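As structure tokens, the structure follows; a few thoughts come after it.
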Amino acid sequence: MDIAPEFPAWPFELLELWHENRLNLLAAIVIVGLAVRLISWKRETIKETRPKETTQLHNEKISSGETSRRVLENRLPKRVTGVRQSKPARDASITGIRAIQLHVFYFSLTTTTEKTAKRVQQELDEWSGKPSSAGGPDCDVSVVLYDLSEIEYDDFFVSPPRHTESTTKSFYLMLIPSYNIDTVMDTFIEQLKETHHDFRIDTASLSGLLGYSVFGIGDREGWPTESEGFCCQAIEVDKWLARLTGQKRAYPMGLGDAKSDATERLQEWVQGIERAVRDIFLAGGLGEGVSGSGEALESGDEDDEIMDPKKNPSKRRRAERIDDMEDLDRMIQKDASDDAPLAIDFTTYGKSKPGPPIVERKEMVPKSSPTYAALTKQGYTIVGSHSGVKICRWTKSALRGRGSCYKYSFYGIKSHLCMETTPALSCSNKCVFCWRHGTNPVGTTWRWKIDPPELIFEGVKAGHYKKMKMMKGVPGVRAERFEESMRIRHCALSLVGEPIFYPHINEFTAMLHKEHISSFLVCNAQHPDELAALKPITQLYVSIDASNKESLRKVDRPLHRDFWERLMRCLDILRERRFRQRTVFRLTLVKGFNIEDEAEGYADLVEKGLPCFVEIKGVTYCGTSTSASAGLTMQNVPFYEEVTEFVVQLNAALERRGLKYGIAAEHAHSCCVLLASTRFHIDGKWHSTIDYDKFFECLESGKEFGPEDYIGPPTPEWATWGNGGFNPEDTRVFRKGKNKTIQQTVEI
Ligand SMILES: Cc1cc2nc3c(=O)[nH]c(=O)nc-3n(C[C@H](O)[C@H](O)[C@H](O)COP(=O)(O)O)c2cc1C
Ligand code: SF4
């Protein structure tokens with residue numbers, strides 16, 4: 001029996017319907033699906049382009065019926081109103097800093113420092129609230145005050161405090177009074193010392209700080225000098241923090257006397273701190289140019305280390321790559337290449353002769369030359385292609401309160417306000433005692449490219465300030481002197497080379513004078529034509545390195561054949577100028593070369609040139625192979641007693657000739673003595689000093705004037721003959737390992 005299943009009839013109809021319309025149906029499903037996807041994608045896009053903060057608000061408003069467009073247009077700005085804006089001047093991803101916390105620590109027994117600290121906090125608070133355009137900081141700055149007798153030292157002085165944000169950094173300010181009795185300060189200093197020596201802790205465990213600075217408060221009445229204990233504990237704190245932070249002294253230590261100048265010194269210090277914090281933020285740290293970021297050096301000779309690239313290769317790299325100087329160089333090259341060729345013949349004087357044929361102007365000191373490398377190694381900053389600037393050791397010494405050079409004792413020049421530079425590194429002599437170490441170019445003719453004076457002027461100032469700023473973190477640098485040094489007052493045009501060799505020397509000195517920078521120019525008495533053309537400067541020097549022709553040949557090893565005649569002509573010019581210009585003979589005494597039996601000869605030369613002053617100094621031994629090959633050893637360096645003996649002889653020789661001179665001043669520390677014309681002996685007192693304001697007044701008046709018109713106050717008593725010449729306000733420091741009786745030094 002065949003049994004067939006029985007199906008209802010309607011499903012067959014449905015199946016037929018499906019077969020007939022399935023394509024249309026599928027197409028409709030796809031279209032609807034696509035439309036739904038498109039709508040939801042659009043919604044997401046609108047949501048994503050809206051700022052995150054507004055999303056919630058947007059949702060609320062959507063739910064209350066407002067459209068998203070209206071929310072964005074009307075509501076968004078109102079959300080921002082009233083919210084404190086942080087200062088986003090620099091991207092923290094570049095500097096790593098978004099905010100700086102200034103921790104002000106103090107200790108106080110009789111409340112002076114406490115009050116001071118509160119004032120500092122208030123001033124820094126006010127400053128932090130200012131916009132950067134009004135001198136405020138470029139980032140968020142907060143100030144917190146701590147009493148050192150109340151805090152746990154471990155919280156702050158073992159490692160820097162932690163912040164919730166890694167882009168917030170700490171900077172320490174220490175306000176420290178000094179006590180010679182037992183106080184909390186002793187414990188504190190002991191703790192710093194122990195932390196540094198603790199073998200379990202990094203010796204520079206506070207190196208995570210952005211920087212620190214100390215201000216000391218003491219009493220000069222009871223403790224007049226630092227060696228007698230003035231601010232002794234602040235000095236100790238500074239020393240140990242320098243070690244613990246890995247030399248992050250961001251601003252020099254300030255010292256104030258509670259009974260006299262503390263307020264004034266503090267004001268300067270606070271302003272310095274503000275500038276330091278701004279600089280740190282912009283640079284992302286202490287950065288290059290601030291020696292504080294370097295090695296921890298605390299020796300008395302640190303100044304030499306800091307500037308001596310040989311001992312510090314990282315600094316050499318720095319010295320060799322001063323970016324802004326190089327920018328300047330590029331400008332100089334450009335300007336120089338626009339100039340017409342210029343050749344100046346210095347080999348003859350008198351009527352001008354046609355110059356030698358010009359082949360091609362080269363740079364005097366190209367960057368690739370060994371001379372450039374040698375000079376930068378010696379600490380010079382080369383500006384353009386033939387100028388240089390260097391910080392002398394006296395400038396560093398004065399910044400640290402250890403004494404200025406003889407020019408302070410004789411003429412009132414504070415060394416930390418003095419820039420030593422030359423616009424011409426080349427010279428026409430090869431003196432046996434020259435510090436150029438045989439590296440500088442020599443020549444009788446200017447055959448190099450000439451850099452414009454504006455660019456040299458800006459370049460040497462920039463180089464000087466840059467080097468001065470490197471002194472910011474050096475131990476012992478006084479805040480008030482550092483501040484003063486940021487305005488150059490004097491320029492010593494000497495260094496190395498021959499400044500009047502530079503064809504635009506008059507334009508250059510005019511630029512100095514325009515900025516009220518005094519000018520002391522030393523020339524080698526070999527360029528009479530240029531000397532005759534030189535416009536008035538504050539003080540004009542001529543080096544007289546021997547009293548007769550043969551001796552001069554041996555000492556100066558001149559390139560000019562007519563060197564003696566050139567010297568004679570220069571003396572004539574000086575004599576003729578003596579009532580229009582302060583003139584000085586510079587004698588450098590070298591034992592075995594130009595001292596013995598030469599006093600009479602020098603007296604003859606003085607008679608010929610009649611200079612206003614005669615400076616006599618002992619040679620400085622620079623210990624190079626060049627000086628050795630010239631036959632110069634330590635034996636050729638006269639003792640100070642030998643120099644004074646010679647001065648007495650010379651003075652007597654002048655007297656015998658009826659010349660009116662006398663021994664006016666001395667600076668035993670740099671082995672230097674000053675003979676002066678009695679024109680500068682007024683009312684029974686020597687007046688070797690200079691009234692610099694008066695000099696500029698005379699110059700700007702456009703009228704003729706002479707040396708008598710800008711004489712300063714009497715030479716200080718301590719500087720006069722027989723009193724040594726060391727400023728009693730400074731602290732004399734003998735260099736380690738040096739025989740104290742050999743008082744040799746380096747200055748121009
Ligand atoms: C007992 C005593 C010892 C002191 N010892 C020194 C000292 O050695 N060196 C110094 O420069 N000042 C010294 N001073 C001066 C204080 O440092 C100075 O008065 C300071 O302003 C005190 O600060 P304070 O009031 O915050 O405690 C001493 C003062 C006292 C009373
Ligand atoms: S030694 Fe020369 S450069 Fe240095 S401070 Fe004295 S004058 Fe200026």
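Ordering of the structure tokens sets the chain letters (A, B, ...); residue numbers start at 1 within each chain; ligands are numbered from 1 in the order shown.
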Expected answer as a ChimeraX atom specification: residues within 12 Å of ligand 2, only C-alpha atoms and all ligand atoms
/A:389-399,403-422,464,485,488-496,518-522,539,667,670,672,745-748
Kindly provide, as an MDAnalysis selection string, all nucleotide and amino acid residues lying within 7 Å of ligand 1, counting only C-alpha atoms and all ligand atoms.
chainID A and resid 107:114 177:181 217:220 222:223 229:232 258
Output C-alpha atoms for every residue in that selection, as a CSV table (one decimal), in the first residue's frame.
chain,number,residue,atom,x,y,z
A,107,PHE,CA,65.3,78.8,61.0
A,108,SER,CA,65.0,81.5,63.5
A,109,LEU,CA,65.7,82.1,67.2
A,110,THR,CA,65.0,85.8,67.6
A,111,THR,CA,62.5,86.0,64.8
A,112,THR,CA,64.5,88.1,62.3
A,113,THR,CA,64.7,85.3,59.8
A,114,GLU,CA,61.2,84.2,60.4
A,177,PRO,CA,70.9,82.9,60.3
A,178,SER,CA,74.2,82.0,61.9
A,179,TYR,CA,74.9,81.2,65.5
A,180,ASN,CA,78.2,80.3,67.2
A,181,ILE,CA,76.2,78.7,70.0
A,217,ILE,CA,71.6,86.5,57.7
A,218,GLY,CA,74.3,87.5,60.2
A,219,ASP,CA,75.8,90.3,62.1
A,220,ARG,CA,78.8,92.2,60.8
A,222,GLY,CA,80.2,91.0,65.9
A,223,TRP,CA,81.5,88.9,63.0
A,229,GLY,CA,82.4,83.9,61.2
A,230,PHE,CA,80.0,86.2,59.3
A,231,CYS,CA,77.1,84.1,58.0
A,232,CYS,CA,79.2,81.0,58.7
A,258,ALA,CA,70.7,92.1,60.0
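For the atom pair formed by atom CA of A:Leu632 and atom CA of A:Leu605, the distance is 25.1 Å, given to one decimal.
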Residues within 8 Å of A:Gly706, please, as a VMD selection string. Count only C-alpha atoms; anything in the same chain fewer than 2 positions from it doesn't count.
chain A and resid 579 to 582 704 708 to 710
Would you save the residues of that selection, restricted to C-alpha atoms, as a PDB file, in the first residue's frame?
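Now in again.pdb:
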ATOM      1  CA  PHE A 579      97.149 117.231  27.984  1.00  0.00           C
ATOM      2  CA  ARG A 580      94.322 115.780  25.896  1.00  0.00           C
ATOM      3  CA  GLN A 581      94.498 112.149  26.930  1.00  0.00           C
ATOM      4  CA  ARG A 582      95.394 110.113  30.045  1.00  0.00           C
ATOM      5  CA  GLU A 704      88.126 119.700  24.097  1.00  0.00           C
ATOM      6  CA  GLU A 708      92.657 116.849  34.670  1.00  0.00           C
ATOM      7  CA  ASP A 709      88.962 117.198  33.797  1.00  0.00           C
ATOM      8  CA  TYR A 710      88.024 113.732  34.973  1.00  0.00           C
TER       9      TYR A 710
END
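All residues of protein, DNA or RNA that reach within 10 Å of A:Thr203, judged by only C-alpha atoms and not counting those fewer than 3 positions away in the chain, are A:Val158, A:Lys193, A:Glu194, A:Thr195, A:His196, A:His197, A:Asp198, A:Phe199, A:Arg200, A:Leu206, A:Ser207, A:Arg243, A:Leu244, A:Thr245, A:Gly246.
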May I have the selected residues written with C-alpha atoms, as an mmCIF file, in the first residue's frame?
data_model
loop_
_atom_site.group_PDB
_atom_site.id
_atom_site.type_symbol
_atom_site.label_atom_id
_atom_site.label_comp_id
_atom_site.auth_asym_id
_atom_site.auth_seq_id
_atom_site.Cartn_x
_atom_site.Cartn_y
_atom_site.Cartn_z
ATOM 1 C CA VAL A 158 67.365 62.798 51.830
ATOM 2 C CA LYS A 193 76.781 66.099 55.973
ATOM 3 C CA GLU A 194 75.753 62.606 57.061
ATOM 4 C CA THR A 195 73.379 62.183 54.149
ATOM 5 C CA HIS A 196 76.148 63.092 51.754
ATOM 6 C CA HIS A 197 78.539 60.599 53.324
ATOM 7 C CA ASP A 198 76.008 57.802 53.900
ATOM 8 C CA PHE A 199 77.173 54.933 51.697
ATOM 9 C CA ARG A 200 73.593 53.647 51.337
ATOM 10 C CA LEU A 206 68.934 65.761 46.041
ATOM 11 C CA SER A 207 69.934 66.023 42.411
ATOM 12 C CA ARG A 243 77.207 68.484 47.109
ATOM 13 C CA LEU A 244 73.856 66.896 47.786
ATOM 14 C CA THR A 245 72.228 68.406 44.720
ATOM 15 C CA GLY A 246 75.180 67.747 42.405
#
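Closest approach to A:Glu697 among A:Val555, A:Tyr212, A:Thr538, A:Gly658: A:Thr538, based on only C-alpha atoms.
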A:Trp721 environment, 10 Å, only C-alpha atoms, sequence neighbours closer than 4 positions dropped, as an MDAnalysis selection string
chainID A and resid 644 662:668 673:675 717 725
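Remark: for A:His527, the closest of the candidate residues A:Ser551, A:Val584, A:Ala479, A:Trp446 is A:Trp446 (distances computed over only C-alpha atoms).
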Pull the alpha helix (DSSP H) assignments for stretch 103-155 of chain A out of DSSP run on the backbone, and list those residues as number ranges by chain.
A: 112-129, 153-155
Of the candidates A:Tyr372, A:Phe593, A:Phe501, A:Trp127, which shows the shortest atom-to-atom distance to A:Gly443, using only C-alpha atoms?
A:Phe501
Skip stretch 558-567 of chain A itself and residues of its chain fewer than 3 positions away, then list as an MDAnalysis selection string all residues within 9 Å of it, counting only C-alpha atoms.
chainID A and resid 346:349 428:431 442:444 524:528 544 548:549 552:555 570:572
Keeping only N, CA and C atoms, write those residues as a short mmCIF file (atom, residue, chain, number, x, y, z; two decimals), in the first residue's frame.
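Produced file again17.cif, reproduced below:
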data_model
loop_
_atom_site.label_atom_id
_atom_site.label_comp_id
_atom_site.auth_asym_id
_atom_site.auth_seq_id
_atom_site.Cartn_x
_atom_site.Cartn_y
_atom_site.Cartn_z
N PHE A 346 100.82 98.15 7.59
CA PHE A 346 101.32 98.67 8.85
C PHE A 346 102.85 98.68 8.89
N THR A 347 103.45 98.31 7.79
CA THR A 347 104.89 98.12 7.87
C THR A 347 105.66 99.43 7.86
N THR A 348 105.03 100.49 7.37
CA THR A 348 105.72 101.78 7.33
C THR A 348 104.82 102.82 7.95
N TYR A 349 105.35 103.97 8.21
CA TYR A 349 104.52 105.06 8.69
C TYR A 349 104.89 106.31 7.93
N SER A 428 101.99 92.19 15.89
CA SER A 428 103.20 92.31 15.08
C SER A 428 104.45 92.05 15.92
N ASN A 429 104.26 91.56 17.14
CA ASN A 429 105.39 91.16 17.99
C ASN A 429 105.21 89.69 18.39
N LYS A 430 106.29 89.14 18.95
CA LYS A 430 106.19 87.79 19.53
C LYS A 430 106.89 87.83 20.89
N CYS A 431 106.33 88.65 21.80
CA CYS A 431 106.98 88.89 23.09
C CYS A 431 107.22 87.58 23.85
N VAL A 442 100.34 86.25 13.48
CA VAL A 442 101.20 87.44 13.53
C VAL A 442 101.28 88.01 12.12
N GLY A 443 101.59 89.27 12.05
CA GLY A 443 101.70 89.88 10.73
C GLY A 443 101.93 91.37 10.86
N THR A 444 102.50 91.94 9.83
CA THR A 444 102.72 93.38 9.86
C THR A 444 101.64 94.09 9.06
N ASN A 524 101.08 98.18 21.46
CA ASN A 524 102.46 97.71 21.61
C ASN A 524 103.51 98.69 21.05
N ALA A 525 103.07 99.91 20.78
CA ALA A 525 103.98 100.97 20.30
C ALA A 525 104.64 100.63 18.97
N GLN A 526 103.91 99.91 18.14
CA GLN A 526 104.46 99.55 16.82
C GLN A 526 103.63 100.12 15.67
N HIS A 527 102.56 100.83 15.99
CA HIS A 527 101.68 101.33 14.93
C HIS A 527 101.41 102.82 15.11
N PRO A 528 102.43 103.64 14.88
CA PRO A 528 102.27 105.08 15.15
C PRO A 528 101.17 105.75 14.35
N ILE A 544 106.04 99.47 27.12
CA ILE A 544 107.47 99.75 26.94
C ILE A 544 108.18 98.55 27.54
N ASN A 548 116.13 99.92 25.67
CA ASN A 548 117.00 100.19 24.52
C ASN A 548 116.71 99.19 23.41
N LYS A 549 117.26 99.51 22.25
CA LYS A 549 116.92 98.76 21.05
C LYS A 549 117.23 97.26 21.15
N LEU A 552 114.98 95.47 23.53
CA LEU A 552 113.61 95.38 22.99
C LEU A 552 113.53 94.27 21.93
N ARG A 553 114.58 94.17 21.13
CA ARG A 553 114.59 93.11 20.11
C ARG A 553 114.48 91.74 20.79
N LYS A 554 115.22 91.57 21.91
CA LYS A 554 115.22 90.28 22.60
C LYS A 554 113.88 89.99 23.28
N VAL A 555 113.30 91.02 23.87
CA VAL A 555 112.06 90.80 24.64
C VAL A 555 110.83 90.69 23.73
N CYS A 570 105.86 106.67 18.54
CA CYS A 570 104.70 106.53 19.45
C CYS A 570 104.90 107.41 20.69
N LEU A 571 106.15 107.46 21.18
CA LEU A 571 106.41 108.28 22.37
C LEU A 571 106.19 109.76 22.06
N ASP A 572 106.57 110.17 20.87
CA ASP A 572 106.33 111.56 20.46
C ASP A 572 104.82 111.86 20.46
#
All residues 9 Å or closer to A:Glu480, only C-alpha atoms, same chain fewer than 5 positions away omitted, as a short mmCIF file (atom, residue, chain, number, x, y, z; two decimals) with C-alpha atoms, in the first residue's frame:
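Final output, saved to part_13.cif:
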data_model
loop_
_atom_site.label_atom_id
_atom_site.label_comp_id
_atom_site.auth_asym_id
_atom_site.auth_seq_id
_atom_site.Cartn_x
_atom_site.Cartn_y
_atom_site.Cartn_z
CA PRO A 252 74.50 82.72 44.07
CA GLY A 254 73.11 86.16 49.18
CA LEU A 255 74.49 87.45 52.49
CA ARG A 265 70.55 92.32 49.73
CA GLU A 268 68.26 91.68 45.03
CA TRP A 269 68.37 88.00 45.91
CA LEU A 399 82.71 88.05 42.08
CA SER A 485 78.26 92.31 36.94
#
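Separating atom CA of A:Leu241 from atom CA of A:Thr183 is a distance of 19.0 Å.
Nearest residue to A:Gly476 among A:Asp238, A:Glu641, A:Glu454, A:Asp597 is A:Asp238, counting only C-alpha atoms.
From atom CA of A:Glu615 back to atom CA of A:Ser547, the distance works out to 14.5 Å.
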Would you list, as an MDAnalysis selection string, the residues of stretch 417-487 of chain A that end up in strand (DSSP E or B) under DSSP run on this structure's backbone?
chainID A and resid 418:422 427 442 445:446 448
Please produce a file of those selected residues containing C-alpha atoms, as a CSV table (one decimal), in the first residue's frame.
chain,number,residue,atom,x,y,z
A,418,CYS,CA,85.2,94.8,33.6
A,419,MET,CA,85.2,93.1,30.2
A,420,GLU,CA,88.5,92.0,28.7
A,421,THR,CA,88.5,91.8,24.9
A,422,THR,CA,90.3,92.5,21.7
A,427,CYS,CA,100.0,91.0,16.6
A,442,VAL,CA,101.2,87.4,13.5
A,445,THR,CA,99.8,93.9,7.5
A,446,TRP,CA,96.1,93.5,7.9
A,448,TRP,CA,92.3,89.3,6.6
